[in-house]
$ cat data.cif   # mmCIF, C-alpha atoms (C1' of nucleotides)
data_my_file
loop_
_atom_site.label_atom_id
_atom_site.label_comp_id
_atom_site.auth_asym_id
_atom_site.auth_seq_id
_atom_site.Cartn_x
_atom_site.Cartn_y
_atom_site.Cartn_z
CA MET A 1 39.76 26.06 -43.33
CA SER A 2 41.03 22.64 -43.87
CA ARG A 3 40.89 21.10 -47.31
CA PRO A 4 39.94 22.58 -50.64
CA GLY A 5 37.00 20.21 -50.48
CA LYS A 6 37.58 19.22 -54.08
CA PHE A 7 36.50 15.65 -54.62
CA PRO A 8 37.54 14.49 -58.03
CA GLN A 9 35.84 11.25 -58.94
CA LEU A 10 38.20 8.34 -58.85
CA ASP A 11 37.50 5.25 -60.89
CA ALA A 12 38.68 1.71 -60.32
CA PHE A 13 41.89 2.33 -62.29
CA ASP A 14 42.79 5.31 -60.17
CA ARG A 15 42.25 3.40 -56.98
CA LYS A 16 44.37 0.50 -58.06
CA ILE A 17 47.14 2.86 -59.05
CA LEU A 18 46.97 4.63 -55.72
CA ALA A 19 47.05 1.36 -53.84
CA ILE A 20 50.34 0.54 -55.55
CA LEU A 21 51.86 3.99 -55.17
CA GLN A 22 51.20 4.24 -51.48
CA ARG A 23 53.04 0.99 -51.01
CA ASP A 24 55.92 1.84 -53.33
CA ASN A 25 56.01 4.94 -55.47
CA SER A 26 59.18 3.87 -57.24
CA THR A 27 57.24 1.18 -59.06
CA PRO A 28 57.78 1.65 -62.81
CA GLN A 29 54.72 2.88 -64.66
CA ARG A 30 55.01 -0.02 -67.01
CA THR A 31 54.68 -2.44 -64.11
CA ILE A 32 51.75 -0.50 -62.75
CA GLY A 33 50.17 -0.57 -66.17
CA GLU A 34 50.44 -4.33 -66.35
CA ALA A 35 48.97 -4.70 -62.90
CA VAL A 36 45.94 -2.56 -63.58
CA GLY A 37 45.44 -3.25 -67.26
CA LEU A 38 46.53 0.03 -68.80
CA SER A 39 49.45 1.34 -70.80
CA ALA A 40 52.27 3.28 -69.18
CA PRO A 41 51.27 6.68 -70.62
CA ALA A 42 47.72 6.24 -69.40
CA VAL A 43 49.05 5.50 -65.93
CA GLN A 44 51.31 8.52 -66.16
CA ARG A 45 48.45 10.84 -67.04
CA ARG A 46 46.33 9.64 -64.16
CA ILE A 47 49.17 10.02 -61.71
CA LYS A 48 49.87 13.53 -62.90
CA ARG A 49 46.21 14.45 -62.70
CA MET A 50 45.84 13.10 -59.17
CA ALA A 51 48.96 14.89 -58.06
CA GLU A 52 47.57 18.17 -59.38
CA GLU A 53 44.21 17.54 -57.76
CA GLY A 54 45.87 16.90 -54.43
CA VAL A 55 44.77 13.30 -54.15
CA ILE A 56 48.47 12.49 -54.08
CA GLN A 57 49.82 14.95 -51.55
CA ALA A 58 53.47 14.03 -51.52
CA ASN A 59 56.06 11.45 -52.45
CA VAL A 60 58.28 10.71 -49.52
CA ALA A 61 60.87 8.35 -48.16
CA VAL A 62 60.00 6.63 -44.90
CA LEU A 63 62.97 6.58 -42.57
CA ASP A 64 63.83 4.46 -39.59
CA PRO A 65 63.88 6.75 -36.55
CA ALA A 66 66.19 4.41 -34.68
CA ALA A 67 68.85 4.73 -37.36
CA LEU A 68 68.78 8.47 -36.88
CA GLY A 69 69.14 8.18 -33.15
CA GLN A 70 65.53 9.18 -32.67
CA SER A 71 64.61 5.99 -30.96
CA ILE A 72 61.84 7.02 -28.60
CA THR A 73 58.28 7.48 -29.78
CA ILE A 74 55.89 9.10 -27.35
CA PHE A 75 52.24 9.62 -27.41
CA VAL A 76 50.67 12.53 -25.55
CA GLU A 77 47.13 13.61 -24.77
CA VAL A 78 46.83 17.27 -23.96
CA GLU A 79 43.94 18.94 -22.26
CA VAL A 80 43.71 22.71 -22.36
CA ILE A 81 41.97 25.11 -20.01
CA SER A 82 40.44 27.59 -22.39
CA GLU A 83 39.05 26.47 -25.69
CA THR A 84 38.44 29.80 -27.37
CA SER A 85 39.31 29.63 -31.02
CA LYS A 86 42.15 32.08 -30.49
CA GLN A 87 43.73 29.89 -27.85
CA ILE A 88 43.23 26.76 -29.90
CA GLU A 89 44.80 28.29 -32.97
CA GLU A 90 47.71 29.40 -30.85
CA ALA A 91 48.22 25.91 -29.50
CA LYS A 92 47.95 24.44 -32.99
CA SER A 93 50.65 26.62 -34.44
CA GLN A 94 52.86 26.03 -31.42
CA PHE A 95 52.59 22.27 -31.80
CA ALA A 96 52.98 22.44 -35.55
CA ALA A 97 56.20 24.39 -35.15
CA ALA A 98 57.93 21.89 -32.88
CA PRO A 99 60.10 19.56 -34.98
CA GLU A 100 59.88 16.78 -32.42
CA ILE A 101 56.13 16.62 -32.92
CA GLN A 102 55.46 14.33 -35.84
CA GLN A 103 51.72 14.37 -35.69
CA CYS A 104 49.19 16.60 -34.04
CA TYR A 105 45.44 16.14 -34.05
CA TYR A 106 42.80 18.39 -32.58
CA VAL A 107 40.22 16.02 -31.15
CA THR A 108 36.94 15.67 -29.33
CA GLY A 109 36.65 13.62 -26.17
CA GLU A 110 38.45 13.67 -22.88
CA ALA A 111 41.43 15.41 -24.39
CA ASP A 112 41.80 18.30 -26.81
CA PHE A 113 45.00 17.41 -28.61
CA VAL A 114 46.79 14.21 -29.34
CA LEU A 115 50.45 14.31 -30.25
CA VAL A 116 52.92 11.81 -31.61
CA ILE A 117 56.44 12.76 -30.66
CA VAL A 118 59.81 11.31 -31.63
CA VAL A 119 62.94 12.16 -29.64
CA PRO A 120 66.45 10.76 -29.17
CA ALA A 121 66.08 10.25 -25.43
CA MET A 122 63.74 10.76 -22.49
CA ALA A 123 65.71 13.79 -21.43
CA ASP A 124 64.71 15.48 -24.66
CA TYR A 125 61.09 14.71 -24.02
CA GLU A 126 61.39 16.10 -20.54
CA ALA A 127 62.83 19.31 -21.94
CA LEU A 128 60.02 19.45 -24.46
CA THR A 129 57.35 19.09 -21.80
CA ARG A 130 58.89 21.92 -19.84
CA ARG A 131 58.91 24.14 -22.87
CA LEU A 132 55.57 23.17 -24.36
CA PHE A 133 53.33 22.17 -21.49
CA PHE A 134 54.64 23.61 -18.23
CA GLY A 135 55.64 26.76 -20.05
CA ASN A 136 52.12 27.17 -21.43
CA ASN A 137 49.60 28.20 -18.82
CA ASN A 138 46.69 27.16 -21.01
CA VAL A 139 47.66 23.51 -20.66
CA LYS A 140 45.60 21.95 -17.93
CA ARG A 141 47.05 18.50 -17.99
CA PHE A 142 48.78 15.98 -20.21
CA ARG A 143 49.19 12.22 -20.19
CA THR A 144 52.23 10.48 -21.56
CA PHE A 145 52.43 7.09 -23.24
CA VAL A 146 55.84 5.80 -24.20
CA ALA A 147 55.89 3.43 -27.15
CA MET A 148 57.61 0.14 -26.52
CA ASP A 149 56.87 -1.15 -29.98
CA ARG A 150 55.78 0.41 -33.22
CA VAL A 151 53.46 -2.39 -34.21
CA LYS A 152 52.22 -0.67 -37.31
CA VAL A 153 53.22 2.62 -38.76
CA GLY A 154 51.86 4.24 -41.84
CA LEU A 155 49.88 7.03 -43.30
CA SER A 156 48.36 4.85 -45.93
CA VAL A 157 44.68 4.89 -46.63
CA PRO A 158 42.50 1.93 -47.44
CA VAL A 159 41.79 2.40 -51.12
CA GLU A 160 39.21 -0.29 -51.75
CA ARG A 161 35.75 0.55 -50.60
CA MET V 1 62.09 -9.27 -32.85
CA SER V 2 61.38 -6.08 -34.62
CA ARG V 3 64.41 -4.32 -36.07
CA PRO V 4 67.85 -5.70 -36.82
CA GLY V 5 69.12 -3.11 -34.36
CA LYS V 6 71.94 -2.25 -36.74
CA PHE V 7 73.01 1.36 -36.45
CA PRO V 8 75.04 2.35 -39.42
CA GLN V 9 76.88 5.57 -38.83
CA LEU V 10 75.43 8.44 -40.79
CA ASP V 11 77.52 11.44 -41.66
CA ALA V 12 76.40 14.97 -42.40
CA PHE V 13 75.97 14.20 -46.11
CA ASP V 14 73.70 11.27 -45.38
CA ARG V 15 71.56 13.33 -43.08
CA LYS V 16 71.14 16.12 -45.57
CA ILE V 17 70.17 13.62 -48.25
CA LEU V 18 67.63 12.02 -45.96
CA ALA V 19 66.16 15.37 -45.05
CA ILE V 20 65.48 15.99 -48.72
CA LEU V 21 64.17 12.53 -49.50
CA GLN V 22 61.70 12.48 -46.70
CA ARG V 23 60.24 15.68 -48.03
CA ASP V 24 60.28 14.64 -51.68
CA ASN V 25 61.83 11.42 -52.88
CA SER V 26 61.32 12.30 -56.53
CA THR V 27 64.01 14.94 -56.29
CA PRO V 28 66.64 14.24 -58.98
CA GLN V 29 69.94 13.02 -57.64
CA ARG V 30 71.69 15.80 -59.44
CA THR V 31 69.62 18.40 -57.57
CA ILE V 32 70.31 16.64 -54.30
CA GLY V 33 73.98 16.61 -55.14
CA GLU V 34 74.01 20.35 -55.70
CA ALA V 35 72.19 20.93 -52.44
CA VAL V 36 74.55 18.87 -50.35
CA GLY V 37 77.78 19.42 -52.23
CA LEU V 38 78.28 16.03 -53.85
CA SER V 39 78.08 14.55 -57.31
CA ALA V 40 74.98 12.68 -58.42
CA PRO V 41 76.63 9.22 -58.40
CA ALA V 42 77.86 9.77 -54.88
CA VAL V 43 74.33 10.63 -53.84
CA GLN V 44 73.06 7.53 -55.55
CA ARG V 45 75.54 5.28 -53.79
CA ARG V 46 74.57 6.69 -50.43
CA ILE V 47 70.88 6.29 -51.12
CA LYS V 48 71.35 2.71 -52.22
CA ARG V 49 73.44 1.94 -49.16
CA MET V 50 70.91 3.45 -46.80
CA ALA V 51 68.07 1.59 -48.46
CA GLU V 52 69.93 -1.69 -48.02
CA GLU V 53 70.72 -0.90 -44.40
CA GLY V 54 67.09 -0.15 -43.70
CA VAL V 55 67.61 3.49 -42.85
CA ILE V 56 65.27 4.19 -45.74
CA GLN V 57 62.43 1.83 -45.10
CA ALA V 58 60.12 2.64 -47.99
CA ASN V 59 59.27 5.10 -50.71
CA VAL V 60 55.62 5.92 -50.68
CA ALA V 61 52.99 8.30 -51.96
CA VAL V 62 51.04 10.22 -49.31
CA LEU V 63 47.37 10.33 -50.21
CA ASP V 64 44.57 12.61 -49.11
CA PRO V 65 42.13 10.46 -47.12
CA ALA V 66 39.28 12.85 -47.86
CA ALA V 67 39.70 12.35 -51.59
CA LEU V 68 39.27 8.64 -51.06
CA GLY V 69 36.17 9.11 -48.96
CA GLN V 70 38.08 8.19 -45.82
CA SER V 71 37.44 11.41 -44.07
CA ILE V 72 37.32 10.48 -40.40
CA THR V 73 40.47 10.04 -38.36
CA ILE V 74 40.07 8.47 -34.96
CA PHE V 75 42.40 7.97 -32.15
CA VAL V 76 41.92 5.10 -29.70
CA GLU V 77 43.54 4.05 -26.45
CA VAL V 78 43.07 0.40 -25.64
CA GLU V 79 43.56 -1.23 -22.29
CA VAL V 80 43.77 -5.00 -22.11
CA ILE V 81 43.02 -7.34 -19.24
CA SER V 82 45.81 -9.85 -19.51
CA GLU V 83 49.27 -8.77 -20.54
CA THR V 84 50.93 -12.12 -21.06
CA SER V 85 53.24 -12.02 -24.04
CA LYS V 86 51.04 -14.47 -25.88
CA GLN V 87 47.99 -12.26 -25.47
CA ILE V 88 49.91 -9.15 -26.42
CA GLU V 89 51.30 -10.73 -29.56
CA GLU V 90 47.82 -11.85 -30.46
CA ALA V 91 46.47 -8.34 -30.08
CA LYS V 92 49.35 -6.90 -32.07
CA SER V 93 48.76 -9.12 -35.05
CA GLN V 94 45.04 -8.52 -34.87
CA PHE V 95 45.52 -4.76 -34.95
CA ALA V 96 48.18 -4.97 -37.62
CA ALA V 97 45.84 -6.94 -39.84
CA ALA V 98 42.99 -4.42 -39.80
CA PRO V 99 43.28 -2.15 -42.84
CA GLU V 100 41.44 0.69 -41.12
CA ILE V 101 44.17 0.85 -38.51
CA GLN V 102 46.89 3.09 -39.85
CA GLN V 103 49.13 3.10 -36.85
CA CYS V 104 49.43 0.92 -33.81
CA TYR V 105 51.80 1.41 -30.90
CA TYR V 106 52.29 -0.80 -27.90
CA VAL V 107 52.80 1.61 -25.03
CA THR V 108 53.44 1.98 -21.34
CA GLY V 109 51.20 4.07 -19.14
CA GLU V 110 47.50 4.04 -18.48
CA ALA V 111 46.80 2.29 -21.74
CA ASP V 112 48.44 -0.63 -23.51
CA PHE V 113 47.83 0.21 -27.14
CA VAL V 114 47.30 3.39 -29.02
CA LEU V 115 45.71 3.25 -32.44
CA VAL V 116 45.23 5.72 -35.26
CA ILE V 117 42.27 4.74 -37.41
CA VAL V 118 40.91 6.14 -40.65
CA VAL V 119 37.38 5.32 -41.81
CA PRO V 120 34.83 6.67 -44.27
CA ALA V 121 32.14 7.26 -41.63
CA MET V 122 31.36 6.81 -37.97
CA ALA V 123 29.25 3.77 -38.78
CA ASP V 124 32.40 2.05 -40.00
CA TYR V 125 34.18 2.86 -36.79
CA GLU V 126 31.29 1.51 -34.81
CA ALA V 127 31.44 -1.73 -36.78
CA LEU V 128 35.17 -1.88 -36.17
CA THR V 129 34.80 -1.46 -32.43
CA ARG V 130 32.29 -4.30 -32.35
CA ARG V 131 34.61 -6.54 -34.22
CA LEU V 132 37.86 -5.56 -32.58
CA PHE V 133 37.04 -4.51 -29.04
CA PHE V 134 33.67 -5.91 -27.99
CA GLY V 135 34.44 -9.10 -29.87
CA ASN V 136 37.71 -9.51 -27.99
CA ASN V 137 37.29 -10.49 -24.39
CA ASN V 138 40.81 -9.47 -23.52
CA VAL V 139 39.95 -5.81 -24.09
CA LYS V 140 39.17 -4.19 -20.79
CA ARG V 141 38.29 -0.75 -22.03
CA PHE V 142 38.96 1.73 -24.81
CA ARG V 143 38.70 5.47 -25.17
CA THR V 144 37.86 7.18 -28.43
CA PHE V 145 39.06 10.55 -29.70
CA VAL V 146 37.67 11.81 -32.96
CA ALA V 147 39.95 14.15 -34.89
CA MET V 148 38.39 17.43 -35.88
CA ASP V 149 41.57 18.68 -37.48
CA ARG V 150 44.75 17.05 -38.64
CA VAL V 151 46.99 19.87 -37.51
CA LYS V 152 50.16 18.10 -38.45
CA VAL V 153 50.60 14.76 -40.08
CA GLY V 154 53.83 13.10 -40.96
CA LEU V 155 56.15 10.24 -40.33
CA SER V 156 59.17 12.34 -40.89
CA VAL V 157 62.02 12.30 -38.46
CA PRO V 158 64.12 15.25 -37.38
CA VAL V 159 67.38 14.62 -39.15
CA GLU V 160 69.59 17.24 -37.57
CA ARG V 161 70.96 16.35 -34.20
"C1'" DA U 1 37.87 12.04 -75.14
"C1'" DA U 2 40.85 8.91 -73.57
"C1'" DT U 3 43.90 5.27 -75.10
"C1'" DG U 4 47.92 2.85 -77.04
"C1'" DA U 5 52.24 2.72 -79.87
"C1'" DA U 6 56.36 4.73 -81.12
"C1'" DA U 7 59.87 8.52 -80.63
"C1'" DT U 8 62.23 11.65 -77.69
"C1'" DG U 9 64.58 13.17 -73.59
"C1'" DA U 10 65.85 13.05 -68.84
"C1'" DG U 11 67.54 10.50 -65.11
"C1'" DA U 12 69.33 6.30 -62.81
"C1'" DG U 13 72.77 2.81 -62.67
"C1'" DC U 14 77.87 1.23 -63.37
"C1'" DG U 15 82.55 0.83 -64.54
"C1'" DC U 16 86.37 3.76 -65.13
"C1'" DG U 17 90.27 6.76 -63.59
"C1'" DC I 1 84.78 10.43 -54.91
"C1'" DG I 2 83.99 12.43 -59.61
"C1'" DC I 3 83.59 11.68 -64.70
"C1'" DG I 4 82.09 9.34 -68.47
"C1'" DC I 5 78.96 5.93 -70.67
"C1'" DT I 6 74.84 2.95 -71.20
"C1'" DC I 7 70.34 1.77 -70.37
"C1'" DT I 8 65.98 2.06 -68.27
"C1'" DC I 9 62.16 4.75 -67.47
"C1'" DA I 10 59.40 8.99 -67.72
"C1'" DT I 11 57.38 12.10 -70.95
"C1'" DT I 12 55.62 13.87 -75.39
"C1'" DT I 13 53.67 13.25 -79.93
"C1'" DC I 14 50.50 11.32 -82.82
"C1'" DA I 15 47.21 8.06 -84.88
"C1'" DT I 16 43.23 5.41 -83.37
"C1'" DT I 17 38.78 3.63 -81.27
#

$ encode --input "data.cif" --output "C-alpha cells"
Amino acid sequence: MSRPGKFPQLDAFDRKILAILQRDNSTPQRTIGEAVGLSAPAVQRRIKRMAEEGVIQANVAVLDPAALGQSITIFVEVEVISETSKQIEEAKSQFAAAPEIQQCYYVTGEADFVLVIVVPAMADYEALTRRLFFGNNNVKRFRTFVAMDRVKVGLSVPVER
Amino acid sequence: MSRPGKFPQLDAFDRKILAILQRDNSTPQRTIGEAVGLSAPAVQRRIKRMAEEGVIQANVAVLDPAALGQSITIFVEVEVISETSKQIEEAKSQFAAAPEIQQCYYVTGEADFVLVIVVPAMADYEALTRRLFFGNNNVKRFRTFVAMDRVKVGLSVPVER
DNA sequence: AATGAAATGAGAGCGCG
DNA sequence: CGCGCTCTCATTTCATT
C-alpha cells in the first residue's frame, strides 16, 4: 500500500534535469536546457511529464528551523510491545498526525519506528513524549538523541547511477 | 560555525507565506496574497527578504526515490571512539561528502551520529559500510535500521507557534 | 514521435504614489 | 503597502527531422 509502483523509464536527459531541479527548482528552463543540451520547451515537457508520473513529488521551499524558533532537532527510536498490523497502523497514523514529527519511518532492527522531531524547546519535546509515548501503552521504550549539529540535511536522491 | 545565528523577526504574514511555500513554492504570488491578505508585490518583497536572510534556504523539487531506482532507505546510528573536535570534524565532512547519505546529524546520547541513507540495493549499503565504517578506525560501532515504510517524510517546519 | 523556433500569455520584478 | 508598468520566463502552436 505504498507507492503506485509505476516506474517510468528515465533517460539521461531526465536524470540531468532532475539533478538540477532537486538542487534549485527555480532554475529557468532555458538555463536547464543549455546545461543538458535541449531546448526550453523540451525541458518543460519532460518536467511536466515527470510531475504527472509522480517522479517529481513536490516543489517546496526549505526553511531554516532556527529562524522559526524551532531550534531543536531530536531523533527518537521507538520500540513497541505489540506488532500486530492493527497496532502498527494505529501508531503510524498517530505519528503522522503530530506536526512536530517531521519524519517517521517504520523500520526493521532493534527498534520499530524512527522519528525526526523538531521543536522550539526541550519542554515541548518533554510534553510530546508524555502525550505520544507515556500516553501510549503500546510503547515499550524509546531512546532520544538530541541533535547538536545538522551536518547534512536533505531529501535529495542521488540521480546518477 | 554553522549558521549566522541571525534571527529576523517574522510576523504573522511571513509565517503564513512560509507555510504555503514549504508546501508548494510554485504557488503564484497573487494566490498567496489572496490567502494571506496582502498584495502580490508585498508578498514578493517578503519572500525576497526572507531568502536573503536565510529563512528560506532553498527551493527544491522533491523526487520519488523509487522512481530513480533508489528504493531502500536506511537509518544508521554511529558511535565513534575518539570525540576530539578534529576527529569529529573529519567524520562530519566524510559523511557530508557521501552522496548516498541524505541526512547527517551530530547528536548527544548513546550514539554520536545519526544518518539517513538512500541506496538502490542492500549491496550498495554493504559497500558503503565497508568504505565508511569498517574503513574508518575511529568508528566504534554502528547500528542499522532498514526502513520498511516511509510513513512521513518532510523537512517542513511547523510555522505556527 | 519528439524536437526546435517563434508567438502568445501569465507571472515576477520595480519604480511610482 | 498597493497600483501600475515592464520584462523575463513559462506555455502553446506549428513546422521539421

$ closest_residue --input "data.cif" --among "A:Leu68, A:Met148, A:Ala97, A:Ala35" --to "Ala12 in chain V" --atoms "all atoms listed in the file"
A:Leu68

$ closest_atom_pairs --input "data.cif" --of "chain I" --to "chain V" --cutoff "10 Å" --atoms "only C-alpha atoms (C1' of nucleotides)" --output "JSON lines"
{"residue": "I:DC1", "atom": "C1'", "partner": "V:Ala42", "partner_atom": "CA", "distance": 7.0}
{"residue": "I:DG2", "atom": "C1'", "partner": "V:Ser39", "partner_atom": "CA", "distance": 6.7}
{"residue": "I:DC3", "atom": "C1'", "partner": "V:Ser39", "partner_atom": "CA", "distance": 9.7}

$ interface_residues --input "data.cif" --of "chain U" --to "chain A" --cutoff "9 Å" --atoms "all atoms listed in the file" --output "list in words"
DA2, DT3 and DG4 of chain U

$ closest_atom_pairs --input "data.cif" --of "chain V" --to "chain A" --cutoff "6 Å" --atoms "only C-alpha atoms" --output "CSV"
residue,atom,partner,partner_atom,distance
V:Phe7,CA,A:Ala67,CA,5.4
V:Leu21,CA,A:Ala61,CA,5.5
V:Gln22,CA,A:Ala61,CA,4.5
V:Arg23,CA,A:Val60,CA,5.5
V:Asp24,CA,A:Val60,CA,4.9
V:Asn25,CA,A:Val60,CA,4.9
V:Val55,CA,A:Asp64,CA,5.1
V:Ile56,CA,A:Leu63,CA,4.6
V:Gln57,CA,A:Val62,CA,5.4
V:Ala58,CA,A:Val62,CA,5.0
V:Asn59,CA,A:Ala61,CA,4.4
V:Val60,CA,A:Gln22,CA,4.8
V:Ala61,CA,A:Asn59,CA,4.4
V:Val62,CA,A:Ala58,CA,5.0
V:Leu63,CA,A:Ile56,CA,4.6
V:Asp64,CA,A:Val55,CA,5.1
V:Ala67,CA,A:Phe7,CA,5.5
V:Ala96,CA,A:Lys152,CA,5.9
V:Gln102,CA,A:Gly154,CA,5.5
V:Gln103,CA,A:Val153,CA,4.5
V:Cys104,CA,A:Lys152,CA,4.7
V:Tyr105,CA,A:Arg150,CA,4.7
V:Tyr106,CA,A:Asp149,CA,5.0
V:Val107,CA,A:Ala147,CA,4.2
V:Thr108,CA,A:Val146,CA,5.3
V:Gly109,CA,A:Phe145,CA,5.2
V:Phe145,CA,A:Gly109,CA,5.3
V:Val146,CA,A:Val107,CA,5.2
V:Ala147,CA,A:Val107,CA,4.2
V:Met148,CA,A:Val107,CA,5.3
V:Asp149,CA,A:Tyr106,CA,5.1
V:Arg150,CA,A:Tyr105,CA,4.7
V:Val151,CA,A:Cys104,CA,5.3
V:Lys152,CA,A:Cys104,CA,4.8
V:Val153,CA,A:Gln103,CA,4.5
V:Gly154,CA,A:Gln102,CA,5.5

$ atom_distance --input "data.cif" --atom1 "CA of Ala91 in chain A" --atom2 "CA of Ser71 in chain A"
25.8 Å

$ residues_around --input "data.cif" --residues "DT12 in chain I" --least-positions-apart "5" --cutoff "12 Å" --atoms "all atoms listed in the file" --output "mmCIF file with C-alpha atoms (C1' of nucleotides), keeping the file's coordinate frame"
data_model
loop_
_atom_site.group_PDB
_atom_site.id
_atom_site.type_symbol
_atom_site.label_atom_id
_atom_site.label_comp_id
_atom_site.auth_asym_id
_atom_site.auth_seq_id
_atom_site.Cartn_x
_atom_site.Cartn_y
_atom_site.Cartn_z
ATOM 1 C CA PRO A 41 51.270 6.680 -70.620
ATOM 2 C CA GLN A 44 51.310 8.520 -66.160
ATOM 3 C CA ARG A 45 48.450 10.840 -67.040
ATOM 4 C "C1'" DA U 6 56.360 4.730 -81.120
ATOM 5 C "C1'" DA U 7 59.870 8.520 -80.630
ATOM 6 C "C1'" DT U 8 62.230 11.650 -77.690
ATOM 7 C "C1'" DG U 9 64.580 13.170 -73.590
#

$ atom_distance --input "data.cif" --atom1 "CA of Asn137 in chain A" --atom2 "CA of Glu79 in chain A"
11.4 Å

$ atom_distance --input "data.cif" --atom1 "C1' of DT8 in chain I" --atom2 "CA of Gln29 in chain V"
15.8 Å

$ residues_near_point --input "data.cif" --point "(67.0, 10.4, -68.4)" --cutoff "9 Å" --atoms "all atoms listed in the file" --output "list in words"
DG9, DA10, DG11 and DA12 of chain U; DT8, DC9 and DA10 of chain I

$ resolve_selection --input "data.cif" --expression "the PyMOL selection byres ((chain A and resi 138) around 6)" --output "short mmCIF file (atom, residue, chain, number, x, y, z; two decimals) with C-alpha atoms, in the frame of the given file"
data_model
loop_
_atom_site.label_atom_id
_atom_site.label_comp_id
_atom_site.auth_asym_id
_atom_site.auth_seq_id
_atom_site.Cartn_x
_atom_site.Cartn_y
_atom_site.Cartn_z
CA VAL A 80 43.71 22.71 -22.36
CA ILE A 81 41.97 25.11 -20.01
CA ASN A 136 52.12 27.17 -21.43
CA ASN A 137 49.60 28.20 -18.82
CA VAL A 139 47.66 23.51 -20.66
#

$ residues_around --input "data.cif" --residues "Val43 in chain A" --least-positions-apart "2" --cutoff "10 Å" --atoms "all atoms listed in the file" --output "PDB file with C-alpha atoms, keeping the file's coordinate frame"
ATOM      1  CA  PHE A  13      41.890   2.330 -62.290  1.00  0.00           C
ATOM      2  CA  ASP A  14      42.790   5.310 -60.170  1.00  0.00           C
ATOM      3  CA  ILE A  17      47.140   2.860 -59.050  1.00  0.00           C
ATOM      4  CA  GLN A  29      54.720   2.880 -64.660  1.00  0.00           C
ATOM      5  CA  ARG A  30      55.010  -0.020 -67.010  1.00  0.00           C
ATOM      6  CA  THR A  31      54.680  -2.440 -64.110  1.00  0.00           C
ATOM      7  CA  ILE A  32      51.750  -0.500 -62.750  1.00  0.00           C
ATOM      8  CA  GLY A  33      50.170  -0.570 -66.170  1.00  0.00           C
ATOM      9  CA  GLU A  34      50.440  -4.330 -66.350  1.00  0.00           C
ATOM     10  CA  VAL A  36      45.940  -2.560 -63.580  1.00  0.00           C
ATOM     11  CA  GLY A  37      45.440  -3.250 -67.260  1.00  0.00           C
ATOM     12  CA  LEU A  38      46.530   0.030 -68.800  1.00  0.00           C
ATOM     13  CA  SER A  39      49.450   1.340 -70.800  1.00  0.00           C
ATOM     14  CA  ALA A  40      52.270   3.280 -69.180  1.00  0.00           C
ATOM     15  CA  PRO A  41      51.270   6.680 -70.620  1.00  0.00           C
ATOM     16  CA  ARG A  45      48.450  10.840 -67.040  1.00  0.00           C
ATOM     17  CA  ARG A  46      46.330   9.640 -64.160  1.00  0.00           C
ATOM     18  CA  ILE A  47      49.170  10.020 -61.710  1.00  0.00           C
ATOM     19  CA  LYS A  48      49.870  13.530 -62.900  1.00  0.00           C
ATOM     20  CA  ARG A  49      46.210  14.450 -62.700  1.00  0.00           C
TER      21      ARG A  49
END

$ resolve_selection --input "data.cif" --expression "the PyMOL selection byres ((chain I and resi 6) around 12)" --output "PyMOL selection string"
(chain U and resi 12-15) or (chain I and resi 4-5+7-8)

$ axis_aligned_box --input "data.cif" --around "range 52-68 of chain A" --padding-each-side "5 Å" --output "lines of an AutoDock Vina configuration file"
center_x = 56.5
center_y = 11.3
center_z = -47.0
size_x = 34.6
size_y = 23.8
size_z = 34.7

$ resolve_selection --input "data.cif" --expression "the PyMOL selection byres ((chain I and resi 15) around 10)" --output "ChimeraX atom specification"
/U:4-5 /I:13-14,16

$ build_atoms --input "data.cif" --residues "range 33-44 of chain V" --atoms "N, CA and C atoms" --output "mmCIF file, in the coordinates of the input"
data_model
loop_
_atom_site.group_PDB
_atom_site.id
_atom_site.type_symbol
_atom_site.label_atom_id
_atom_site.label_comp_id
_atom_site.auth_asym_id
_atom_site.auth_seq_id
_atom_site.Cartn_x
_atom_site.Cartn_y
_atom_site.Cartn_z
ATOM 1 N N GLY V 33 72.534 16.434 -55.164
ATOM 2 C CA GLY V 33 73.980 16.610 -55.140
ATOM 3 C C GLY V 33 74.377 18.071 -55.014
ATOM 4 N N GLU V 34 73.712 18.914 -55.781
ATOM 5 C CA GLU V 34 74.010 20.350 -55.700
ATOM 6 C C GLU V 34 73.705 20.905 -54.321
ATOM 7 N N ALA V 35 72.617 20.421 -53.750
ATOM 8 C CA ALA V 35 72.190 20.930 -52.440
ATOM 9 C C ALA V 35 73.138 20.530 -51.321
ATOM 10 N N VAL V 36 73.713 19.346 -51.444
ATOM 11 C CA VAL V 36 74.550 18.870 -50.350
ATOM 12 C C VAL V 36 76.038 18.990 -50.640
ATOM 13 N N GLY V 37 76.366 19.282 -51.895
ATOM 14 C CA GLY V 37 77.780 19.420 -52.230
ATOM 15 C C GLY V 37 78.441 18.110 -52.599
ATOM 16 N N LEU V 38 77.723 17.293 -53.379
ATOM 17 C CA LEU V 38 78.280 16.030 -53.850
ATOM 18 C C LEU V 38 77.859 15.820 -55.297
ATOM 19 N N SER V 39 78.492 14.870 -55.948
ATOM 20 C CA SER V 39 78.080 14.550 -57.310
ATOM 21 C C SER V 39 76.882 13.599 -57.256
ATOM 22 N N ALA V 40 76.163 13.532 -58.371
ATOM 23 C CA ALA V 40 74.980 12.680 -58.420
ATOM 24 C C ALA V 40 75.279 11.200 -58.130
ATOM 25 N N PRO V 41 76.338 10.627 -58.704
ATOM 26 C CA PRO V 41 76.630 9.220 -58.400
ATOM 27 C C PRO V 41 76.906 8.975 -56.923
ATOM 28 N N ALA V 42 77.585 9.915 -56.308
ATOM 29 C CA ALA V 42 77.860 9.770 -54.880
ATOM 30 C C ALA V 42 76.555 9.731 -54.092
ATOM 31 N N VAL V 43 75.646 10.614 -54.483
ATOM 32 C CA VAL V 43 74.330 10.630 -53.840
ATOM 33 C C VAL V 43 73.639 9.290 -54.028
ATOM 34 N N GLN V 44 73.713 8.797 -55.250
ATOM 35 C CA GLN V 44 73.060 7.530 -55.550
ATOM 36 C C GLN V 44 73.602 6.387 -54.709
#
